[in-house]
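The block underneath contains the structure these notes are about, expressed in structure tokens.
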Amino acid sequence: MSDTRRRVKVYTLNEERQWEDRGTGHVCCSEPDSLTVTGEADGSLLLESKINPDTAYQKQQDTLIVWSEAENYDLALSFQEKAGCDEIWEKICQVQGKDPSVEITQDPGDESEEERLEDMLESGHPLELPPCEPGCLEELEELVMSVLPSPVRREKLALALLSSGYIRKLLQLFRASEEEGDRRGLQQLHQIVRGLLLLNKATLLEVMFSDDCIMDVVGCLEYEPALLQPKSHRQFLTETARFREVIPIRDSELRQKIHQTYRVQYIQDIILPTHSVLEDNFLSTLSSFIFFNKVEIVSMLQEDEKFLTEVFAQLTDEATEDSKRRELVNFFKEFCAFSQTLQPQNRDAFFKTLANLGILPALEIVMGMEDEQVKSAAMDIFSYLVEFSPSVVREFIMQEPQQADDDVLLINVVIKQMICDSDPELGGAVQLMGLLRTLMDPENMLAPASKAEKSEFLSFFYKYCMHVLTAPLLANTGEEDPDLMEGAAKPNPVCPDNFQTAQLLALILELLTFCVEHHTYHIKSYIMTRDLLRRVLTLMNSRHSFLALCALRFMRRIIGLKDEYYNRYIVKGNLFEPVINALLDNGTRYNLVVSEDIRSLIAHIVDNFSTALESIEYVQTFKGLKGRYEQEKQRQSRGFSRYRRDGRSFQEDEDTWLNEDEEDEGVTDKSKSDYGTFMESEKGTCALIILFVLCAPQTGLVDYPDDEDEEESADEEQSPRKRPRLGS
């Protein structure tokens with residue numbers, strides 16, 4: 001019994017004014033003037049605090065004790081039982097020589113000498129309140145505002161209000177004033193009630209936010225003096241935001257706590273001014289009130305397994321009506337959003353409970369429904385789960401039975417939801433793309449025990465899911481018609497001009513580029529077996545610059561790997577041809593060219609495109625490139641036999657060639673000098689289709705000059721087809 005009574009959670013207030021959970025343990029007075037909390041899990045020391053005679057301790061909501069040990073270091077003990085809180089509170093008051101009936105033991109603020117003297121003179125006299133009558137509201141308003149600067153006087157006013165039941169009398173006066181239409185009185189009541197909130201007293205908040213008072217408090221706050229017409233907060237809370245129990249909540253305390261928390265959150269977020277307008281500490285008790293209410297609600301729901309089990313059962317029951325299922329999904333969405341205010345330990349326990357009860361199989365069912373609201377809410381829940389633990393989600397995905405139709409797999413349902421996003425701006429698709437990226441990221445599979453997870457999941461994804469992801473890309477990058485009559489003009493490959501489709505393809509390309517960087521073998525096999533790069537390069541014909549740039553980045557990432565298998569694939573497929581063609585379409589407009597040496601690709605470019613590129617004279621890049629190529633040919637002819645007898649790997653040869661080439665002081669031709677100078681430059685603009693941009697590890701490359709900066713005649717003569725404007 002004693003262990004339960006003294007069981008507590010230890011909290012500290014961080015710099016963002018949010019409470020952080022430091023652990024659960026048992027509190028005791030190890031010495032007459034010290035508090036000690038020992039962790040229940042491992043017996044570690046969670047807290048050791050000396051009860052300082054000058055420290056202000058505050059008791060809140062019957063089960064909380066809050067105090068500050070230093071500037072910007074606040075502590076709180078949240079007791080499981082009221083009896084334990086009362087026992088420790090008596091110990092604290094005994095050390096400080098205070099009456100345990102008080103809610104705060106000391107003056108928590110810094111006052112001037114004049115204020116302290118005034119407080120000492122008044123300390124023996126209780127504060128007298130004016131009669132609760134319409135004619136005395138102005139006097140009461142002045143009194144409330146006058147005590148705000150002094151913590152002691154705020155405490156005395158709070159005690160006076162509580163001892164006389166004054167708050168309920170004040171709210172009765174509000175109802176009478178509203179019936180009579182006393183606008184002046186209602187505006188004064190607004191100022192008074194707002195001032196009472198700023199007293200920052202938990203005991204007052206408990207009365208003001210009780211069931212019989214809170215709506216009248218909201219009503220008082222509707223009559224802001226600066227407004228010509230009162231707000232309609234009560235109408236919103238009672239009509240628009242009505243609470244609906246998707247499954248009957250049998251615990252009346254839980255139901256009351258949910259109602260109260262929502263309304264208090266509304267007061268804080270909607271009715272009161274923003275925190276930047278007020279002093280930081282004015283509403284700290286209000287924030288603490290909401291925080292600990294939420295902790296209690298989540299804990300109570302987690303402990304009620306019967307309630308959650310019933311919710312899951314109805315959610316997955318085929319007989320459940322669509323409207324009912326929509327309410328159930330929205331309940332879980334709000335429940336998950338609610339949990340985000342919790343600290344990591346509490347949040348982890350919450351999501352583990354949901355996972356054990358079967359949240360993922362339930363989501364798989366509801367995501368396949370036609371109801372857009374249900375699917376949207378389910379995707380939000382899914383995002384919470386992925387953020388909580390990608391491994392848990394991956395494990396479930398791989399354990400799904402292999403259906404004949406891959407589309408029923410959870411991850412494919414997510415991909416289809418991304419592809420079919422009806423939002424013109426694809427806001428949902430962007431969110432889902434981020435979730436897929438998280439699931440596919442090897443960085444969160446780096447633990448030794450996760451090596452098998454990485455291999456198994458990527459194999460699973462590329463076998464059962466990649467074709468679903470790339471379907472829109474392949475559908476919008478069709479090949480040219482092979483049956484065209486000889487001599488007929490060749491049309492451009494199919495290229496989407498629809499803005500929303502272009503956005504979707506850009507998202508898919510961004511994800512594929514991520515795969516190129518992080519998945520090596522799996523994505524390489526997929527690209528080569530499906531000739532994916534050729535299809536992607538057709539998107540450089542798009543009039544949407546962001547899509548053309550995405551295609552370019554995809555190729556750049558591939559070449560940047562310096563993988564000889566990729567290089568041979570590019571050479572064999574002559575995949576620089578669309579890049580070169582697009583470059584020539586750009587005419588003589590200036591381009592910034594940045595490159596790395598990649599020997600096999602340089603040889604391929606010079607052998608096949610040197611004649612076409614000779615027309616590009618406004619930079620020395622191609623002359624330098626050809627010079628490097630000639631140097632390598634001479635080097636090979638001089639040392640071919642030695643080069644082969646050395647027995648080194650191709651990669652070592654490549655590195656040696658690069659290093660020797662950089663250190664060769666005998667090469668002094670102007671083209672190399674110009675090339676090196678140009679490689680160091682970071683100014684200018686760039687046509688997206690410069691092939692060396694693909695090789696660059698750095699960005700800052702792609703843009704066109706403004707039309708007004710170019711001569712129109714040059715554009716007309718040498719750039720017959722306008723290219724899209726790009727930005728890195």
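Ordering of the structure tokens sets the chain letters (A, B, ...); residue numbers start at 1 within each chain; ligands are numbered from 1 in the order shown.
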Residue neighbourhood range 45-59 of chain A, 6 Å, only C-alpha atoms, exclusion window fewer than 6 positions, as a list in words: Asp33, Ser34, Leu35, Thr36, Val37, Thr38, Gly39, Ile65, Val66, Trp67, Gln96, Glu103, Ile104, Thr105, Gln106 and Pro108 of chain A
Only N, CA and C atoms, please: the residues just picked out, written as a CSV table (one decimal), in the first residue's frame.
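The resulting again_16.csv:
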```csv
chain,number,residue,atom,x,y,z
A,33,ASP,N,14.9,16.8,6.0
A,33,ASP,CA,14.7,17.9,5.2
A,33,ASP,C,15.1,17.6,3.7
A,34,SER,N,15.0,16.3,3.3
A,34,SER,CA,15.4,16.0,1.9
A,34,SER,C,14.3,15.1,1.3
A,35,LEU,N,14.1,15.2,-0.1
A,35,LEU,CA,13.3,14.4,-0.8
A,35,LEU,C,14.1,13.5,-1.8
A,36,THR,N,13.9,12.2,-1.8
A,36,THR,CA,14.6,11.3,-2.6
A,36,THR,C,13.6,10.4,-3.4
A,37,VAL,N,13.9,10.3,-4.7
A,37,VAL,CA,13.0,9.4,-5.6
A,37,VAL,C,14.0,8.4,-6.2
A,38,THR,N,13.6,7.1,-5.9
A,38,THR,CA,14.4,6.0,-6.4
A,38,THR,C,13.6,5.3,-7.5
A,39,GLY,N,14.3,5.1,-8.7
A,39,GLY,CA,13.6,4.5,-9.8
A,39,GLY,C,13.1,3.1,-9.6
A,65,ILE,N,3.1,18.3,-6.9
A,65,ILE,CA,3.9,19.3,-6.2
A,65,ILE,C,4.9,19.8,-7.1
A,66,VAL,N,4.9,21.2,-7.3
A,66,VAL,CA,5.8,21.8,-8.2
A,66,VAL,C,6.7,22.8,-7.5
A,67,TRP,N,8.0,22.9,-7.9
A,67,TRP,CA,8.8,23.9,-7.3
A,67,TRP,C,10.0,24.2,-8.2
A,96,GLN,N,9.3,23.9,6.5
A,96,GLN,CA,9.2,25.3,6.3
A,96,GLN,C,8.4,26.0,7.3
A,103,GLU,N,-1.7,26.3,-0.4
A,103,GLU,CA,-1.4,25.7,-1.7
A,103,GLU,C,0.0,26.1,-2.2
A,104,ILE,N,0.6,27.1,-1.6
A,104,ILE,CA,1.9,27.6,-1.9
A,104,ILE,C,2.6,28.0,-0.7
A,105,THR,N,3.9,27.6,-0.5
A,105,THR,CA,4.6,27.9,0.8
A,105,THR,C,5.3,29.2,0.8
A,106,GLN,N,5.8,29.7,-0.3
A,106,GLN,CA,6.6,30.9,-0.3
A,106,GLN,C,6.2,31.8,-1.4
A,108,PRO,N,7.1,33.1,-4.7
A,108,PRO,CA,8.0,32.6,-5.7
A,108,PRO,C,8.6,33.7,-6.6
```
Please identify all polymer residues within 12 Å of range 222-234 of chain A, counting only C-alpha atoms, omitting same-chain residues fewer than 4 positions from it, and present them as a VMD selection string. chain A and resid 174 177 to 178 181 to 194 214 to 218 238 to 242 263 266 to 267 270 to 273
Nearest candidate to Thr529 in chain A (options A:Tyr566, A:Thr513, A:Leu436, A:Ala362; using only C-alpha atoms):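 Nearest candidate to Thr529 in chain A out of A:Tyr566, A:Thr513, A:Leu436, A:Ala362: A:Tyr566.
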Determine which residues of range 25-159 of chain A receive a DSSP assignment of strand (DSSP E), computed from the backbone, and state them as a ChimeraX atom specification. /A:25-31,34-39,45-50,57-60,64-70,73-79
Go ahead and save the picked residues with C-alpha atoms, as an mmCIF file, in the first residue's frame.
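Listing of result-v6.cif after writing:
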```cif
data_model
loop_
_atom_site.group_PDB
_atom_site.id
_atom_site.type_symbol
_atom_site.label_atom_id
_atom_site.label_comp_id
_atom_site.auth_asym_id
_atom_site.auth_seq_id
_atom_site.Cartn_x
_atom_site.Cartn_y
_atom_site.Cartn_z
ATOM 1 C CA GLY A 25 9.873 5.730 -8.873
ATOM 2 C CA HIS A 26 9.051 5.992 -5.186
ATOM 3 C CA VAL A 27 9.545 9.114 -3.087
ATOM 4 C CA CYS A 28 10.628 9.252 0.508
ATOM 5 C CA CYS A 29 12.170 11.660 2.987
ATOM 6 C CA SER A 30 15.645 10.147 3.333
ATOM 7 C CA GLU A 31 16.459 12.834 5.874
ATOM 8 C CA SER A 34 15.376 15.975 1.912
ATOM 9 C CA LEU A 35 13.273 14.365 -0.839
ATOM 10 C CA THR A 36 14.608 11.299 -2.636
ATOM 11 C CA VAL A 37 13.042 9.433 -5.571
ATOM 12 C CA THR A 38 14.381 5.961 -6.405
ATOM 13 C CA GLY A 39 13.617 4.485 -9.849
ATOM 14 C CA LEU A 45 18.471 7.748 -8.076
ATOM 15 C CA LEU A 46 16.023 9.889 -10.056
ATOM 16 C CA LEU A 47 15.923 12.844 -7.681
ATOM 17 C CA GLU A 48 17.625 14.042 -4.534
ATOM 18 C CA SER A 49 16.408 17.442 -3.426
ATOM 19 C CA LYS A 50 16.945 19.316 -0.184
ATOM 20 C CA TYR A 57 6.545 24.745 -3.238
ATOM 21 C CA GLN A 58 3.128 24.654 -4.897
ATOM 22 C CA LYS A 59 0.485 21.934 -4.643
ATOM 23 C CA GLN A 60 -1.731 21.494 -7.704
ATOM 24 C CA LEU A 64 1.090 17.457 -8.006
ATOM 25 C CA ILE A 65 3.869 19.259 -6.173
ATOM 26 C CA VAL A 66 5.815 21.831 -8.228
ATOM 27 C CA TRP A 67 8.842 23.935 -7.301
ATOM 28 C CA SER A 68 11.944 25.667 -8.688
ATOM 29 C CA GLU A 69 15.429 24.798 -7.470
ATOM 30 C CA ALA A 70 17.284 27.321 -9.586
ATOM 31 C CA TYR A 73 15.008 24.714 -13.483
ATOM 32 C CA ASP A 74 11.503 23.670 -12.434
ATOM 33 C CA LEU A 75 10.631 20.284 -10.951
ATOM 34 C CA ALA A 76 7.363 18.433 -10.424
ATOM 35 C CA LEU A 77 6.297 15.249 -8.655
ATOM 36 C CA SER A 78 3.104 13.646 -9.981
ATOM 37 C CA PHE A 79 1.698 11.213 -7.406
#
```
Quick one: residues within 8 Å of Ile247 in chain A, only C-alpha atoms, excluding same-chain residues fewer than 3 positions away - as a list in words?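 The contact residues come out as Phe307, Glu310 and Val311 of chain A.
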Residues from last step as file, C-alpha atoms, as an mmCIF file, in the first residue's frame:
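Output (out.cif):
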```cif
data_model
loop_
_atom_site.group_PDB
_atom_site.id
_atom_site.type_symbol
_atom_site.label_atom_id
_atom_site.label_comp_id
_atom_site.auth_asym_id
_atom_site.auth_seq_id
_atom_site.Cartn_x
_atom_site.Cartn_y
_atom_site.Cartn_z
ATOM 1 C CA PHE A 307 -12.450 -0.242 -24.339
ATOM 2 C CA GLU A 310 -13.885 -3.056 -28.542
ATOM 3 C CA VAL A 311 -12.805 -0.105 -30.691
#
```
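Note that CA of Ala337 in chain A and CA of Ser376 in chain A are 14.0 Å apart.
Each of A:Val329, A:Met466, A:Leu426, A:Ile365 was checked against Val246 in chain A using only C-alpha atoms; the smallest atom-to-atom distance is that of A:Val329.
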Name the residues in contact with Ile523 in chain A at a cut-off of 10 Å, using only C-alpha atoms, excluding same-chain residues fewer than 5 positions from it; report them as a list in words.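 The filter keeps Leu458, Tyr462, Met466, Leu512, Thr513, Phe514, Cys515, Val516, Glu517, His518, Met528 and Thr529 of chain A.
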From the set A:Glu133, A:Arg153, A:Ile88, A:Glu15, which residue has the shortest atom-to-atom contact distance to Lys169 in chain A, counting only C-alpha atoms?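 The shortest atom-to-atom distance to Lys169 in chain A comes from A:Glu133.
Atom pair CA of Asp441 in chain A / CA of Cys420 in chain A has a distance of 23.4 Å (rounded to one decimal).
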Write out as number ranges by chain the residues lying within 10 Å of Tyr569 in chain A, counting only C-alpha atoms and excluding same-chain residues fewer than 4 positions away. A: 527-528, 531, 533, 564-565, 573-575
Produce a file of the selected residues containing N, CA, C and O atoms, as a short mmCIF file (atom, residue, chain, number, x, y, z; two decimals), in the first residue's frame.
```cif
data_model
loop_
_atom_site.label_atom_id
_atom_site.label_comp_id
_atom_site.auth_asym_id
_atom_site.auth_seq_id
_atom_site.Cartn_x
_atom_site.Cartn_y
_atom_site.Cartn_z
N ILE A 527 17.26 -0.79 -62.32
CA ILE A 527 17.46 0.19 -63.40
C ILE A 527 17.90 -0.49 -64.68
O ILE A 527 17.39 -0.20 -65.78
N MET A 528 18.85 -1.41 -64.58
CA MET A 528 19.41 -2.03 -65.79
C MET A 528 18.44 -3.01 -66.44
O MET A 528 18.34 -3.05 -67.66
N ASP A 531 15.77 -0.86 -68.06
CA ASP A 531 16.23 0.28 -68.85
C ASP A 531 15.59 1.57 -68.35
O ASP A 531 15.09 2.39 -69.12
N LEU A 533 16.76 4.28 -66.78
CA LEU A 533 17.37 5.59 -67.01
C LEU A 533 16.95 6.17 -68.35
O LEU A 533 16.71 7.38 -68.46
N GLU A 564 31.44 1.17 -62.62
CA GLU A 564 31.72 0.82 -64.00
C GLU A 564 30.55 0.08 -64.65
O GLU A 564 30.35 0.18 -65.86
N TYR A 565 29.76 -0.63 -63.87
CA TYR A 565 28.59 -1.30 -64.44
C TYR A 565 27.58 -0.26 -64.95
O TYR A 565 27.00 -0.40 -66.03
N GLY A 573 23.95 1.90 -74.03
CA GLY A 573 22.64 2.41 -74.42
C GLY A 573 22.69 3.79 -75.05
O GLY A 573 21.64 4.35 -75.39
N ASN A 574 23.91 4.35 -75.21
CA ASN A 574 24.06 5.68 -75.80
C ASN A 574 23.14 6.68 -75.09
O ASN A 574 22.45 7.48 -75.72
N LEU A 575 23.16 6.63 -73.77
CA LEU A 575 22.19 7.41 -72.99
C LEU A 575 22.58 8.87 -72.82
O LEU A 575 21.82 9.64 -72.23
#
```
